[in-house]
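Raw final-v6.txt, compact mmCIF, C-alpha atoms and all ligand atoms:
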```txt
# COMPACT_ATOMS: atom_id res chain seq x y z
CA MET A 1 7.27 -40.89 13.83
CA LYS A 2 3.88 -42.24 12.94
CA THR A 3 3.72 -44.89 15.62
CA GLN A 4 4.70 -42.24 18.14
CA LYS A 5 1.68 -40.13 17.22
CA THR A 6 -0.61 -43.14 17.32
CA ASN A 7 0.64 -43.89 20.80
CA ILE A 8 -0.11 -40.40 22.00
CA ILE A 9 -3.73 -40.77 20.90
CA LYS A 10 -3.98 -44.21 22.48
CA ASP A 11 -2.16 -43.16 25.65
CA SER A 12 -4.49 -40.20 26.05
CA ILE A 13 -7.55 -42.39 25.68
CA ASN A 14 -6.17 -44.85 28.22
CA TYR A 15 -5.50 -41.97 30.58
CA LEU A 16 -9.08 -40.74 30.20
CA LYS A 17 -10.41 -44.20 31.08
CA ILE A 18 -9.14 -43.70 34.63
CA PHE A 19 -11.47 -40.74 35.14
CA VAL A 20 -14.44 -41.13 32.81
CA PRO A 21 -16.70 -44.16 32.23
CA LEU A 22 -16.72 -45.66 28.73
CA SER A 23 -19.85 -45.61 26.61
CA ILE A 24 -21.53 -48.89 25.68
CA LYS A 25 -20.42 -48.60 22.05
CA ALA A 26 -16.77 -47.92 22.95
CA ALA A 27 -15.70 -51.51 22.37
CA SER A 28 -16.69 -51.43 18.70
CA PHE A 29 -14.16 -48.68 17.80
CA LEU A 30 -11.02 -50.40 16.53
CA HIS A 31 -7.55 -49.29 15.45
CA ILE A 32 -7.85 -45.66 16.51
CA GLY A 33 -5.00 -43.63 15.02
CA GLN A 34 -4.04 -40.54 13.10
CA ALA A 35 -6.03 -40.06 9.89
CA ILE A 36 -4.19 -40.25 6.56
CA SER A 37 -6.26 -37.80 4.53
CA ASN A 38 -6.18 -35.14 7.22
CA PRO A 39 -3.43 -35.47 9.84
CA LEU A 40 -5.33 -33.24 12.23
CA LYS A 41 -8.04 -35.85 12.52
CA VAL A 42 -8.17 -39.34 13.91
CA SER A 43 -9.55 -42.38 12.15
CA TYR A 44 -11.01 -45.68 13.27
CA ILE A 45 -12.92 -48.65 11.94
CA LYS A 46 -15.93 -50.21 13.62
CA LYS A 47 -16.14 -53.89 14.46
CA GLU A 48 -19.33 -54.24 12.39
CA LYS A 49 -17.59 -52.80 9.36
CA VAL A 50 -14.67 -55.23 9.69
CA LEU A 51 -17.19 -58.10 9.72
CA GLY A 52 -19.10 -56.59 6.83
CA LEU A 53 -15.96 -56.30 4.70
CA LEU A 54 -15.16 -59.91 5.38
CA GLU A 55 -18.65 -61.10 4.53
CA ASN A 56 -19.23 -58.94 1.44
CA ILE A 57 -15.88 -58.74 -0.29
CA GLY A 58 -13.81 -61.27 1.60
CA PHE A 59 -11.40 -58.61 2.84
CA VAL A 60 -9.42 -59.53 5.93
CA LEU A 61 -8.17 -56.56 7.96
CA GLY A 62 -4.77 -57.42 9.43
CA LYS A 63 -3.71 -56.86 13.00
CA TYR A 64 -1.74 -53.81 11.88
CA PRO A 65 -3.78 -51.92 9.25
CA THR A 66 -1.72 -50.42 6.44
CA ARG A 67 -1.90 -46.79 5.35
CA LYS A 68 -3.93 -47.93 2.39
CA ASP A 69 -6.45 -49.82 4.58
CA ARG A 70 -6.77 -46.76 6.77
CA GLU A 71 -7.34 -44.49 3.81
CA LYS A 72 -9.83 -46.80 2.13
CA TYR A 73 -11.99 -48.28 4.88
CA PHE A 74 -11.56 -46.10 7.95
CA THR A 75 -13.70 -43.21 9.15
CA ALA A 76 -11.96 -39.90 9.90
CA THR A 77 -13.30 -37.57 12.56
CA THR A 78 -12.18 -34.92 15.02
CA ILE A 79 -10.65 -36.08 18.26
CA GLU A 80 -13.39 -34.29 20.18
CA LYS A 81 -16.18 -36.15 18.38
CA LEU A 82 -14.46 -39.46 18.84
CA LEU A 83 -13.92 -38.96 22.57
CA ASN A 84 -17.58 -38.07 22.96
CA GLU A 85 -18.54 -41.34 21.29
CA LEU A 86 -16.11 -43.41 23.32
CA PHE A 87 -17.00 -41.99 26.70
CA ASN A 88 -20.11 -41.42 28.68
CA PRO A 89 -19.56 -38.30 30.77
CA THR A 90 -22.04 -37.95 33.62
CA THR A 91 -20.53 -35.09 35.60
CA GLU A 92 -19.20 -31.64 34.82
CA ASP A 93 -15.79 -32.95 35.84
CA HIS A 94 -15.97 -35.74 33.20
CA THR A 95 -16.85 -33.24 30.49
CA GLN A 96 -13.95 -31.04 31.49
CA LYS A 97 -11.49 -33.94 31.45
CA ILE A 98 -12.61 -34.91 27.94
CA GLN A 99 -12.21 -31.32 26.82
CA GLN A 100 -8.69 -31.12 28.26
CA VAL A 101 -7.53 -34.34 26.63
CA SER A 102 -9.10 -33.41 23.32
CA GLU A 103 -7.29 -30.06 23.35
CA SER A 104 -3.94 -31.56 24.15
CA ILE A 105 -4.22 -34.18 21.40
CA ASP A 106 -5.30 -31.46 19.01
CA LYS A 107 -2.31 -29.35 19.95
CA HIS A 108 0.02 -32.26 19.54
CA LEU A 109 -1.31 -33.08 16.07
CA LYS A 110 -0.90 -29.45 14.98
CA GLN A 111 2.64 -29.17 16.27
CA SER A 112 3.83 -32.38 14.71
CA ILE A 113 2.39 -31.62 11.31
CA LYS A 114 4.83 -32.43 8.51
CA THR A 115 4.27 -30.66 5.25
CA GLU A 116 5.29 -31.21 1.66
CA LEU A 117 5.40 -28.82 -1.28
CA PHE A 118 2.79 -29.11 -4.02
CA PHE A 119 2.20 -27.43 -7.35
CA GLU A 120 -1.27 -27.21 -8.86
CA LYS A 121 -1.64 -26.01 -12.44
CA ASP A 122 -5.45 -25.97 -12.43
CA VAL A 123 -5.89 -22.65 -10.60
CA SER A 124 -9.63 -22.30 -11.12
CA GLY A 125 -10.21 -25.93 -10.11
CA PHE A 126 -8.26 -25.36 -6.94
CA TYR A 127 -9.92 -22.08 -5.95
CA SER A 128 -13.39 -23.40 -6.59
CA GLN A 129 -12.40 -26.46 -4.52
CA GLU A 130 -13.47 -28.78 -7.29
CA ILE A 131 -10.28 -30.83 -7.12
CA LYS A 132 -11.18 -33.46 -4.58
CA THR A 133 -7.67 -34.72 -3.83
CA TYR A 134 -7.23 -31.77 -1.48
CA SER A 135 -8.97 -31.14 1.74
CA TYR A 136 -9.56 -27.41 1.90
CA ASN A 137 -9.45 -25.32 5.01
CA ARG A 138 -10.73 -21.92 5.81
CA ASN A 139 -7.72 -19.68 5.30
CA GLY A 140 -8.83 -16.07 5.39
CA SER A 141 -9.22 -15.83 1.63
CA CYS A 142 -12.56 -14.42 0.60
CA MET A 143 -12.39 -16.16 -2.79
CA ALA A 144 -12.01 -19.78 -1.69
CA GLY A 145 -14.91 -22.02 -2.65
CA LYS A 146 -16.54 -19.58 -5.07
CA PRO A 147 -17.85 -21.01 -8.37
CA ARG A 148 -15.31 -22.01 -10.99
CA SER A 149 -16.50 -19.25 -13.34
CA TYR A 150 -15.12 -16.64 -10.93
CA PHE A 151 -11.60 -17.84 -11.74
CA LYS A 152 -11.89 -18.10 -15.50
CA LEU A 153 -9.37 -15.27 -15.80
CA TYR A 154 -6.62 -17.62 -14.63
CA ASP A 155 -7.51 -20.11 -17.36
CA LEU A 156 -7.27 -17.25 -19.83
CA ILE A 157 -3.86 -16.19 -18.53
CA ASN A 158 -2.65 -19.78 -18.84
CA GLU A 159 -4.14 -20.40 -22.28
CA ASP A 160 -0.92 -20.22 -24.29
CA GLU A 161 1.58 -20.93 -21.57
CA GLN A 162 1.44 -21.60 -17.85
CA GLN A 163 1.99 -18.17 -16.31
CA VAL A 164 0.31 -18.73 -13.00
CA GLN A 165 -0.12 -21.77 -10.78
CA ILE A 166 -0.90 -22.57 -7.17
CA VAL A 167 1.96 -23.51 -4.88
CA GLY A 168 1.43 -24.64 -1.37
CA LEU A 169 2.22 -26.89 1.55
CA LYS A 170 0.06 -29.85 2.37
CA SER A 171 0.02 -32.58 4.90
CA GLY A 172 -1.71 -35.64 3.55
CA GLY A 173 -4.40 -33.98 1.44
CA LEU A 174 -4.80 -31.14 3.89
CA VAL A 175 -3.83 -27.74 2.49
CA VAL A 176 -1.85 -25.85 5.12
CA ALA A 177 -0.50 -22.92 3.08
CA ARG A 178 -0.99 -21.70 -0.46
CA ALA A 179 -0.22 -18.87 -2.83
CA LEU A 180 -0.25 -17.94 -6.49
CA LEU A 181 3.11 -18.29 -8.21
CA TRP A 182 3.44 -16.05 -11.27
CA ARG A 183 5.98 -16.60 -13.96
CA ASP A 184 7.35 -14.55 -16.81
CA ASN A 185 10.10 -16.58 -18.51
CA ASN A 186 12.58 -17.10 -15.69
CA THR A 187 11.32 -14.38 -13.42
CA PHE A 188 8.93 -15.45 -10.68
CA TYR A 189 6.69 -13.73 -8.23
CA LEU A 190 5.24 -15.42 -5.16
CA ASP A 191 1.95 -13.72 -4.36
CA ARG A 192 0.38 -13.40 -0.91
CA ILE A 193 0.66 -16.60 1.11
CA TYR A 194 -2.50 -17.72 2.91
CA ILE A 195 -2.25 -19.99 5.94
CA ALA A 196 -5.02 -22.32 7.12
CA ASP A 197 -7.08 -20.72 9.89
CA PHE A 198 -6.37 -23.43 12.45
CA LEU A 199 -2.65 -22.55 12.32
CA GLN A 200 -3.06 -18.77 12.33
CA ASN A 201 -1.86 -18.16 15.85
CA SER A 202 1.01 -20.55 15.88
CA SER A 203 3.09 -20.31 12.80
CA ILE A 204 2.17 -17.90 10.02
CA GLU A 205 5.68 -16.56 9.39
CA GLN A 206 7.27 -19.96 9.76
CA LEU A 207 5.01 -21.54 7.15
CA GLN A 208 5.33 -18.57 4.80
CA THR A 209 9.10 -18.82 5.02
CA GLU A 210 9.02 -22.58 4.51
CA LEU A 211 6.94 -22.22 1.35
CA PHE A 212 9.14 -19.39 0.08
CA LEU A 213 12.36 -21.36 0.57
CA LYS A 214 10.96 -24.53 -1.00
CA VAL A 215 9.75 -22.69 -4.11
CA LYS A 216 13.07 -20.86 -4.41
CA ARG A 217 14.97 -24.13 -4.14
CA THR A 218 12.76 -25.95 -6.65
CA TYR A 219 13.42 -23.39 -9.36
CA LYS A 220 17.01 -22.75 -8.20
CA LEU A 221 16.41 -19.00 -7.92
CA ASP A 222 18.84 -16.42 -6.57
CA ASN A 223 16.01 -14.02 -6.05
CA LEU A 224 12.30 -14.54 -5.52
CA ASN A 225 10.17 -11.45 -5.10
CA THR A 226 7.27 -12.05 -2.78
CA PHE A 227 4.26 -10.25 -1.33
CA ASN A 228 5.18 -11.38 2.20
CA LYS A 229 8.75 -10.08 1.99
CA SER A 230 8.78 -8.39 5.40
CA HIS A 231 7.29 -11.38 7.27
CA ILE A 232 9.79 -13.76 5.73
CA ILE A 233 12.85 -11.58 6.29
CA GLU A 234 11.82 -11.03 9.90
CA HIS A 235 11.42 -14.78 10.41
CA LEU A 236 14.80 -15.57 8.82
CA LYS A 237 16.45 -12.98 11.07
CA GLN A 238 14.87 -14.54 14.16
CA THR A 239 15.63 -18.16 13.32
CA HIS A 240 19.21 -17.47 12.29
CA LYS A 241 19.81 -14.80 14.85
CA LYS A 242 23.40 -15.71 15.65
CA ARG A 243 24.42 -15.91 12.04
CA PHE A 244 22.52 -12.73 11.27
CA ASP A 245 24.17 -10.77 14.07
CA LEU A 246 27.54 -11.96 12.87
CA LEU A 247 26.78 -10.84 9.34
CA VAL A 248 25.68 -7.44 10.58
CA GLU A 249 28.88 -7.12 12.58
CA LYS A 250 31.02 -8.12 9.62
CA ASN A 251 29.30 -5.80 7.20
CA LYS A 252 29.50 -2.93 9.62
CA THR A 253 33.26 -3.03 9.88
CA ARG A 254 33.69 -3.17 6.14
CA ASP A 255 31.79 -0.13 4.99
CA ASN A 256 29.68 0.71 8.02
CA LYS A 257 26.55 -0.13 6.09
CA ILE A 258 24.31 -3.13 6.65
CA LYS A 259 23.73 -4.93 3.40
CA ILE A 260 22.38 -8.38 3.91
CA TYR A 261 20.65 -10.05 1.07
CA PHE A 262 17.73 -12.36 1.82
CA CYS A 263 17.10 -13.32 -1.81
CA ILE A 264 14.04 -11.05 -1.92
CA LYS A 265 14.53 -7.77 -3.72
CA TYR A 266 10.94 -6.57 -3.91
CA ALA A 267 7.55 -7.25 -2.39
CA TYR A 268 6.03 -6.81 -5.85
CA PRO A 269 6.54 -8.40 -9.27
CA THR A 270 8.81 -6.87 -11.89
CA PHE A 271 6.73 -7.89 -14.87
CA GLU A 272 3.22 -7.52 -16.24
CA ILE A 273 0.70 -10.11 -17.34
CA GLU A 274 -0.99 -9.63 -20.68
CA VAL A 275 -4.37 -10.88 -21.90
CA ASP A 276 -6.41 -10.38 -25.02
CA GLN A 277 -9.05 -7.70 -24.60
CA ASP A 278 -11.91 -9.56 -26.31
CA ASN A 279 -11.32 -12.70 -24.31
CA PHE A 280 -11.20 -10.64 -21.16
CA ASN A 281 -14.52 -9.01 -21.94
CA ASN A 282 -16.15 -12.38 -22.58
CA ILE A 283 -15.61 -13.62 -19.06
CA GLY A 284 -18.73 -13.52 -16.92
CA HIS A 285 -17.07 -13.15 -13.54
CA TYR A 286 -13.77 -11.82 -12.28
CA PRO A 287 -11.65 -12.77 -9.27
CA PHE A 288 -10.37 -10.49 -6.55
CA ALA A 289 -6.62 -9.99 -6.91
CA ASP A 290 -4.05 -9.29 -4.24
CA THR A 291 -1.31 -8.08 -6.54
CA PHE A 292 -2.11 -7.87 -10.24
CA LYS A 293 -5.26 -5.88 -9.68
CA TYR A 294 -5.00 -2.87 -12.00
CA VAL A 295 -5.89 -3.60 -15.58
CA ILE A 296 -4.39 -1.24 -18.14
CA ASP A 297 -5.66 -0.85 -21.67
CA THR A 298 -2.85 -0.69 -24.23
CA GLY A 299 -5.17 -0.66 -27.21
CA SER A 300 -4.55 -4.19 -28.41
CA SER A 301 -4.37 -5.96 -25.10
CA LEU A 302 -4.93 -5.55 -21.41
CA ASN A 303 -2.02 -5.56 -19.04
CA PHE A 304 -2.26 -6.49 -15.41
CA ASN A 305 -0.23 -4.16 -13.38
CA ILE A 306 0.58 -3.55 -9.76
CA SER A 307 0.06 0.17 -9.52
CA SER A 308 -2.87 2.31 -10.43
CA ASP A 309 -2.10 4.99 -12.93
CA ASP A 310 -5.27 7.04 -13.02
CA ASP A 311 -5.15 7.82 -16.71
CA GLU A 312 -4.48 4.33 -17.95
CA THR A 313 -6.27 2.05 -15.52
CA LYS A 314 -9.43 0.67 -17.05
CA TYR A 315 -10.51 -1.97 -14.54
CA ILE A 316 -9.66 -2.92 -10.98
CA LEU A 317 -9.90 -6.50 -9.74
CA ASP A 318 -11.02 -5.50 -6.27
CA CYS A 319 -14.40 -7.21 -5.92
CA THR A 320 -15.05 -10.48 -4.14
CA ALA A 321 -18.53 -11.13 -5.54
CA GLY A 322 -17.47 -11.82 -9.12
CA GLU A 323 -17.74 -8.25 -10.38
CA ILE A 324 -15.07 -5.91 -11.60
CA THR A 325 -14.65 -2.18 -10.99
CA ASN A 326 -14.87 -0.31 -14.25
CA LYS A 327 -12.78 2.82 -13.75
CA GLU A 328 -14.18 4.45 -16.87
CA LYS A 329 -17.65 4.25 -15.49
CA SER A 330 -16.77 5.47 -12.07
CA LEU A 331 -16.71 9.13 -11.17
CA GLU A 332 -14.74 10.89 -8.52
CA CYS A 333 -16.08 13.56 -6.21
CA MET A 334 -13.99 16.76 -6.46
CA ASP A 335 -14.08 17.28 -2.71
CA CYS A 336 -13.74 13.99 -0.90
CA GLY A 337 -12.18 11.99 -3.74
CA GLY A 338 -14.75 9.23 -3.23
CA SER A 339 -15.39 7.09 -6.29
CA TYR A 340 -18.95 6.35 -7.40
CA ASP A 341 -20.51 4.34 -10.17
CA GLU A 342 -22.10 6.80 -12.61
CA GLU A 343 -25.11 4.55 -13.00
CA GLU A 344 -25.85 4.64 -9.33
CA ASP A 345 -27.12 7.57 -7.31
CA GLY A 346 -24.96 9.68 -5.09
CA ILE A 347 -22.87 11.60 -7.60
CA TYR A 348 -23.75 14.17 -10.25
CA TYR A 349 -22.25 16.90 -12.36
CA SER A 350 -22.34 20.42 -10.91
CA GLU A 351 -22.57 23.20 -13.53
CA LEU A 352 -21.41 25.71 -10.95
CA GLU A 353 -18.22 23.82 -10.17
CA ASP A 354 -17.79 22.30 -13.60
CA ASN A 355 -16.97 19.09 -11.77
CA TYR A 356 -18.48 16.04 -10.03
CA LEU A 357 -19.77 16.17 -6.50
CA CYS A 358 -21.16 13.50 -4.22
CA ASP A 359 -24.32 14.12 -2.18
CA ASP A 360 -22.41 14.53 1.05
CA CYS A 361 -20.11 17.21 -0.33
CA SER A 362 -22.69 19.26 -2.15
CA CYS A 363 -25.00 22.05 -1.04
CA TYR A 364 -28.16 23.18 -2.82
CA ILE A 365 -28.32 26.93 -3.64
CA GLU A 366 -31.97 27.94 -3.80
CA GLU A 367 -31.48 31.20 -5.74
CA ARG A 368 -29.38 29.42 -8.37
CA GLY A 369 -31.48 26.29 -8.57
CA GLU A 370 -28.20 24.36 -8.56
CA SER A 371 -25.72 22.76 -6.21
CA CYS A 372 -22.14 23.65 -5.43
CA SER A 373 -19.44 22.34 -3.16
CA ARG A 374 -20.04 22.90 0.55
CA ASP A 375 -16.69 24.66 0.61
CA ASN A 376 -18.05 27.27 -1.78
CA ALA A 377 -21.35 27.84 0.01
CA THR A 378 -21.99 30.59 2.53
CA TYR A 379 -24.83 30.41 5.00
CA ASN A 380 -26.93 33.50 5.62
CA ASN A 381 -27.93 33.53 9.27
CA TYR A 382 -30.68 36.06 8.64
CA SER A 383 -32.49 34.40 5.74
CA GLY A 384 -31.46 30.84 6.53
CA ASP A 385 -30.41 30.33 2.92
CA TYR A 386 -27.20 29.23 1.34
CA HIS A 387 -25.44 31.37 -1.24
CA TYR A 388 -22.79 30.55 -3.76
CA THR A 389 -19.81 32.34 -2.19
CA ASN A 390 -18.56 33.70 -5.53
CA ASP A 391 -21.89 35.46 -6.08
CA LEU A 392 -21.46 37.45 -2.87
CA HIS A 393 -18.21 39.05 -3.97
CA ASN A 394 -19.34 40.04 -7.43
ZN ZN B 401 -17.74 13.94 -1.83
```

Have the structure of the file written as structure tokens, please.
Amino acid sequence: MKTQKTNIIKDSINYLKIFVPLSIKAASFLHIGQAISNPLKVSYIKKEKVLGLLENIGFVLGKYPTRKDREKYFTATTIEKLLNELFNPTTEDHTQKIQQVSESIDKHLKQSIKTELFFEKDVSGFYSQEIKTYSYNRNGSCMAGKPRSYFKLYDLINEDEQQVQIVGLKSGGLVVARALLWRDNNTFYLDRIYIADFLQNSSIEQLQTELFLKVKRTYKLDNLNTFNKSHIIEHLKQTHKKRFDLLVEKNKTRDNKIKIYFCIKYAYPTFEIEVDQDNFNNIGHYPFADTFKYVIDTGSSLNFNISSDDDETKYILDCTAGEITNKEKSLECMDCGGSYDEEEDGIYYSELEDNYLCDDCSCYIEERGESCSRDNATYNNYSGDYHYTNDLHN
């Protein structure tokens, strides 16, 4: 497989040589091939470096560099950058040819990407991208690359036992897909699966399904609830269409009801996560959460839940800048239902309504010296004043 990919890169460069003149430095790029650390890149070694290695450490690079040589001494770059170093385009046509070849190699590398499953127990290290064995990609998550302190909550959750870890697919060190995997004894929940941006258009559902199936197999689960339930079921139906249609047909004749089980009961977890209240309060920053976002106060501990019960919810993990929404400190406008921080402007208590109103929903009544809801205000065309509607009927 590997030699085949190497040939495609080499073949493409040879093809380009027919149309575009080489640059003067082209001859010093040796052993161009697919990079090890990031299979979407190419790597090479320069002639000067080979000589330098020989002179300084007595290292002799063989005719066929090993994976280890490539990883240790080679330079990885994008195919586009490399082609622009190798060639010396002088016309618009040259530039276009380089662009075309670079795109087709790029496409080939993406399509032939082979992934393997990984588990990472250090959740905060992974999110903050401090673990250098991975090469991180933009993947649509707003939390990636934030400081480690933002993810302290995960360390707290894992303090006594590992309840959450990162699972993902990687190719070399390149992270292609990843999600949080939650665990409560032998019940698991696979949280939202993020796919690297560069693969967004091609294969989101396919990669989500691949990760789901691999995790399910690893833990030998009959059921694995997952955030991306609908994507995965749709993909399984499409890829096993014949078998699926047959199953539908069979089930129809039996009881005229379609009951096909895809090993995913729910798109949400069936358990809660508990943390100590004091420890929770001592954290400086909080992460944004896709699933366990509502924090419920039970008195002795805080429970992370999936639904917001207005009376019990104390905090919501819905901020991406390290903050947390404190439900107890936020007030709701009686009219629009908008929620406002009591310490900020924009909401106040109306004596007339005996309730909270935001600026947009309130109307100042001159003769009362107070505000009421716009719904309860009547405009006097003659005087140009507003009246509290109840006053007019009394
Ligand atoms: Zn309002």

Exercise for the section: Return the single residue from A:Tyr150, A:Tyr194, A:Tyr348, A:Tyr127 that is closest to ligand ZN 401 (chain B), with distances computed using all atoms listed in the file. Expected result: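 Comparing A:Tyr150, A:Tyr194, A:Tyr348, A:Tyr127 against ligand ZN 401 (chain B), the winner is A:Tyr348.
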
Exercise for the section: Could you give me the residues within 10 Å of ligand ZN 401 (chain B), counting only C-alpha atoms and all ligand atoms, as a list in words? Expected result: Glu332, Cys333, Met334, Asp335, Cys336, Gly337, Gly338, Ser339, Tyr340, Gly346, Ile347, Tyr356, Leu357, Cys358, Asp359, Asp360, Cys361, Ser362, Ser373 and Arg374 of chain A

Handout entry: Gap from CA of Asn185 (chain A) to CA of Glu116 (chain A) - Å, one decimal
Key = 25.4 Å

Handout entry: Test item: residues at most 8 Å from Glu366 (chain A), only C-alpha atoms, excluding those fewer than 6 positions along its chain, as an NGL selection string
Key = :A and (385-387)

Would you write out those residues with C-alpha atoms, as a CSV table (one decimal), in the frame of the given file?
```csv
chain,number,residue,atom,x,y,z
A,385,ASP,CA,-30.4,30.3,2.9
A,386,TYR,CA,-27.2,29.2,1.3
A,387,HIS,CA,-25.4,31.4,-1.2
```

Problem - Which of A:Ile79, A:Ile131, A:Leu190, A:Ile57 sits closest to Val175 (chain A) [using only C-alpha atoms] - result: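 Answer, going by the shortest atom-to-atom distance: A:Ile131.
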
Mind checking which residues fall within 7 Å of region 277-293 of chain A, counting all atoms listed in the file, ignoring those fewer than 3 positions away in the same chain, and posting them as a JSON list (two decimals) with C-alpha atoms, in the frame of the given file?
```
[["chain", "number", "residue", "atom", "x", "y", "z"],
["A", 149, "SER", "CA", -16.50, -19.25, -13.34],
["A", 150, "TYR", "CA", -15.12, -16.64, -10.93],
["A", 151, "PHE", "CA", -11.60, -17.84, -11.74],
["A", 152, "LYS", "CA", -11.89, -18.10, -15.50],
["A", 153, "LEU", "CA", -9.37, -15.27, -15.80],
["A", 191, "ASP", "CA", 1.95, -13.72, -4.36],
["A", 192, "ARG", "CA", 0.38, -13.40, -0.91],
["A", 300, "SER", "CA", -4.55, -4.19, -28.41],
["A", 301, "SER", "CA", -4.37, -5.96, -25.10],
["A", 302, "LEU", "CA", -4.93, -5.55, -21.41],
["A", 304, "PHE", "CA", -2.26, -6.49, -15.41],
["A", 305, "ASN", "CA", -0.23, -4.16, -13.38],
["A", 306, "ILE", "CA", 0.58, -3.55, -9.76],
["A", 316, "ILE", "CA", -9.66, -2.92, -10.98],
["A", 317, "LEU", "CA", -9.90, -6.50, -9.74],
["A", 318, "ASP", "CA", -11.02, -5.50, -6.27],
["A", 319, "CYS", "CA", -14.40, -7.21, -5.92],
["A", 320, "THR", "CA", -15.05, -10.48, -4.14],
["A", 322, "GLY", "CA", -17.47, -11.82, -9.12],
["A", 323, "GLU", "CA", -17.74, -8.25, -10.38],
["A", 324, "ILE", "CA", -15.07, -5.91, -11.60]]
```

I'd like the contact shell of region 90-98 of chain A - 9 Å cut-off, all atoms listed in the file, skipping same-chain residues fewer than 4 positions apart - returned as an mmCIF file with C-alpha atoms, keeping the file's coordinate frame.
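Final output, selection-v5.cif:
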```
data_model
loop_
_atom_site.group_PDB
_atom_site.id
_atom_site.type_symbol
_atom_site.label_atom_id
_atom_site.label_comp_id
_atom_site.auth_asym_id
_atom_site.auth_seq_id
_atom_site.Cartn_x
_atom_site.Cartn_y
_atom_site.Cartn_z
ATOM 1 C CA LEU A 16 -9.080 -40.740 30.200
ATOM 2 C CA PHE A 19 -11.470 -40.740 35.140
ATOM 3 C CA VAL A 20 -14.440 -41.130 32.810
ATOM 4 C CA PRO A 21 -16.700 -44.160 32.230
ATOM 5 C CA GLU A 80 -13.390 -34.290 20.180
ATOM 6 C CA LEU A 83 -13.920 -38.960 22.570
ATOM 7 C CA ASN A 84 -17.580 -38.070 22.960
ATOM 8 C CA SER A 102 -9.100 -33.410 23.320
ATOM 9 C CA GLU A 103 -7.290 -30.060 23.350
#
```

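The protein and nucleic acid residues lying at most 7 Å from Ser23 (chain A) are Ala26, Glu85, Leu86, Phe87 and Asn88 of chain A, with all atoms listed in the file considered and sequence neighbours fewer than 3 positions away removed.
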
Practice task
With a distance cut-off of 10 Å and only C-alpha atoms, select the neighbouring residues of Gln163 (chain A), excluding the residue or stretch itself and same-chain residues fewer than 6 positions from it, and output the selection as a ChimeraX atom specification.
Solution key: /A:121,154-157,181-185,188,273

With N, CA and C atoms as the target, complete region 221-232 of chain A and hand it back as a compact mmCIF listing (two decimals), keeping the file's coordinate frame.
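As a result, result.txt now contains:
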```txt
# COMPACT_ATOMS: atom_id res chain seq x y z
N LEU A 221 16.41 -20.45 -7.70
CA LEU A 221 16.41 -19.00 -7.92
C LEU A 221 17.35 -18.29 -6.95
N ASP A 222 18.02 -17.26 -7.44
CA ASP A 222 18.84 -16.42 -6.57
C ASP A 222 18.00 -15.34 -5.91
N ASN A 223 16.92 -15.03 -6.58
CA ASN A 223 16.01 -14.02 -6.05
C ASN A 223 14.58 -14.46 -6.32
N LEU A 224 13.71 -14.27 -5.32
CA LEU A 224 12.30 -14.54 -5.52
C LEU A 224 11.51 -13.42 -4.86
N ASN A 225 10.97 -12.54 -5.67
CA ASN A 225 10.17 -11.45 -5.10
C ASN A 225 8.88 -12.02 -4.55
N THR A 226 8.46 -11.50 -3.41
CA THR A 226 7.27 -12.05 -2.78
C THR A 226 6.50 -11.01 -1.98
N PHE A 227 5.19 -11.13 -2.04
CA PHE A 227 4.26 -10.25 -1.33
C PHE A 227 4.60 -10.18 0.16
N ASN A 228 4.95 -11.32 0.75
CA ASN A 228 5.18 -11.38 2.20
C ASN A 228 6.64 -11.16 2.58
N LYS A 229 7.33 -10.35 1.78
CA LYS A 229 8.75 -10.08 1.99
C LYS A 229 9.11 -9.77 3.45
N SER A 230 8.39 -8.83 4.06
CA SER A 230 8.78 -8.39 5.40
C SER A 230 8.61 -9.49 6.45
N HIS A 231 7.49 -10.25 6.35
CA HIS A 231 7.29 -11.38 7.27
C HIS A 231 8.44 -12.37 7.19
N ILE A 232 8.80 -12.70 5.95
CA ILE A 232 9.79 -13.76 5.73
C ILE A 232 11.18 -13.31 6.19
```
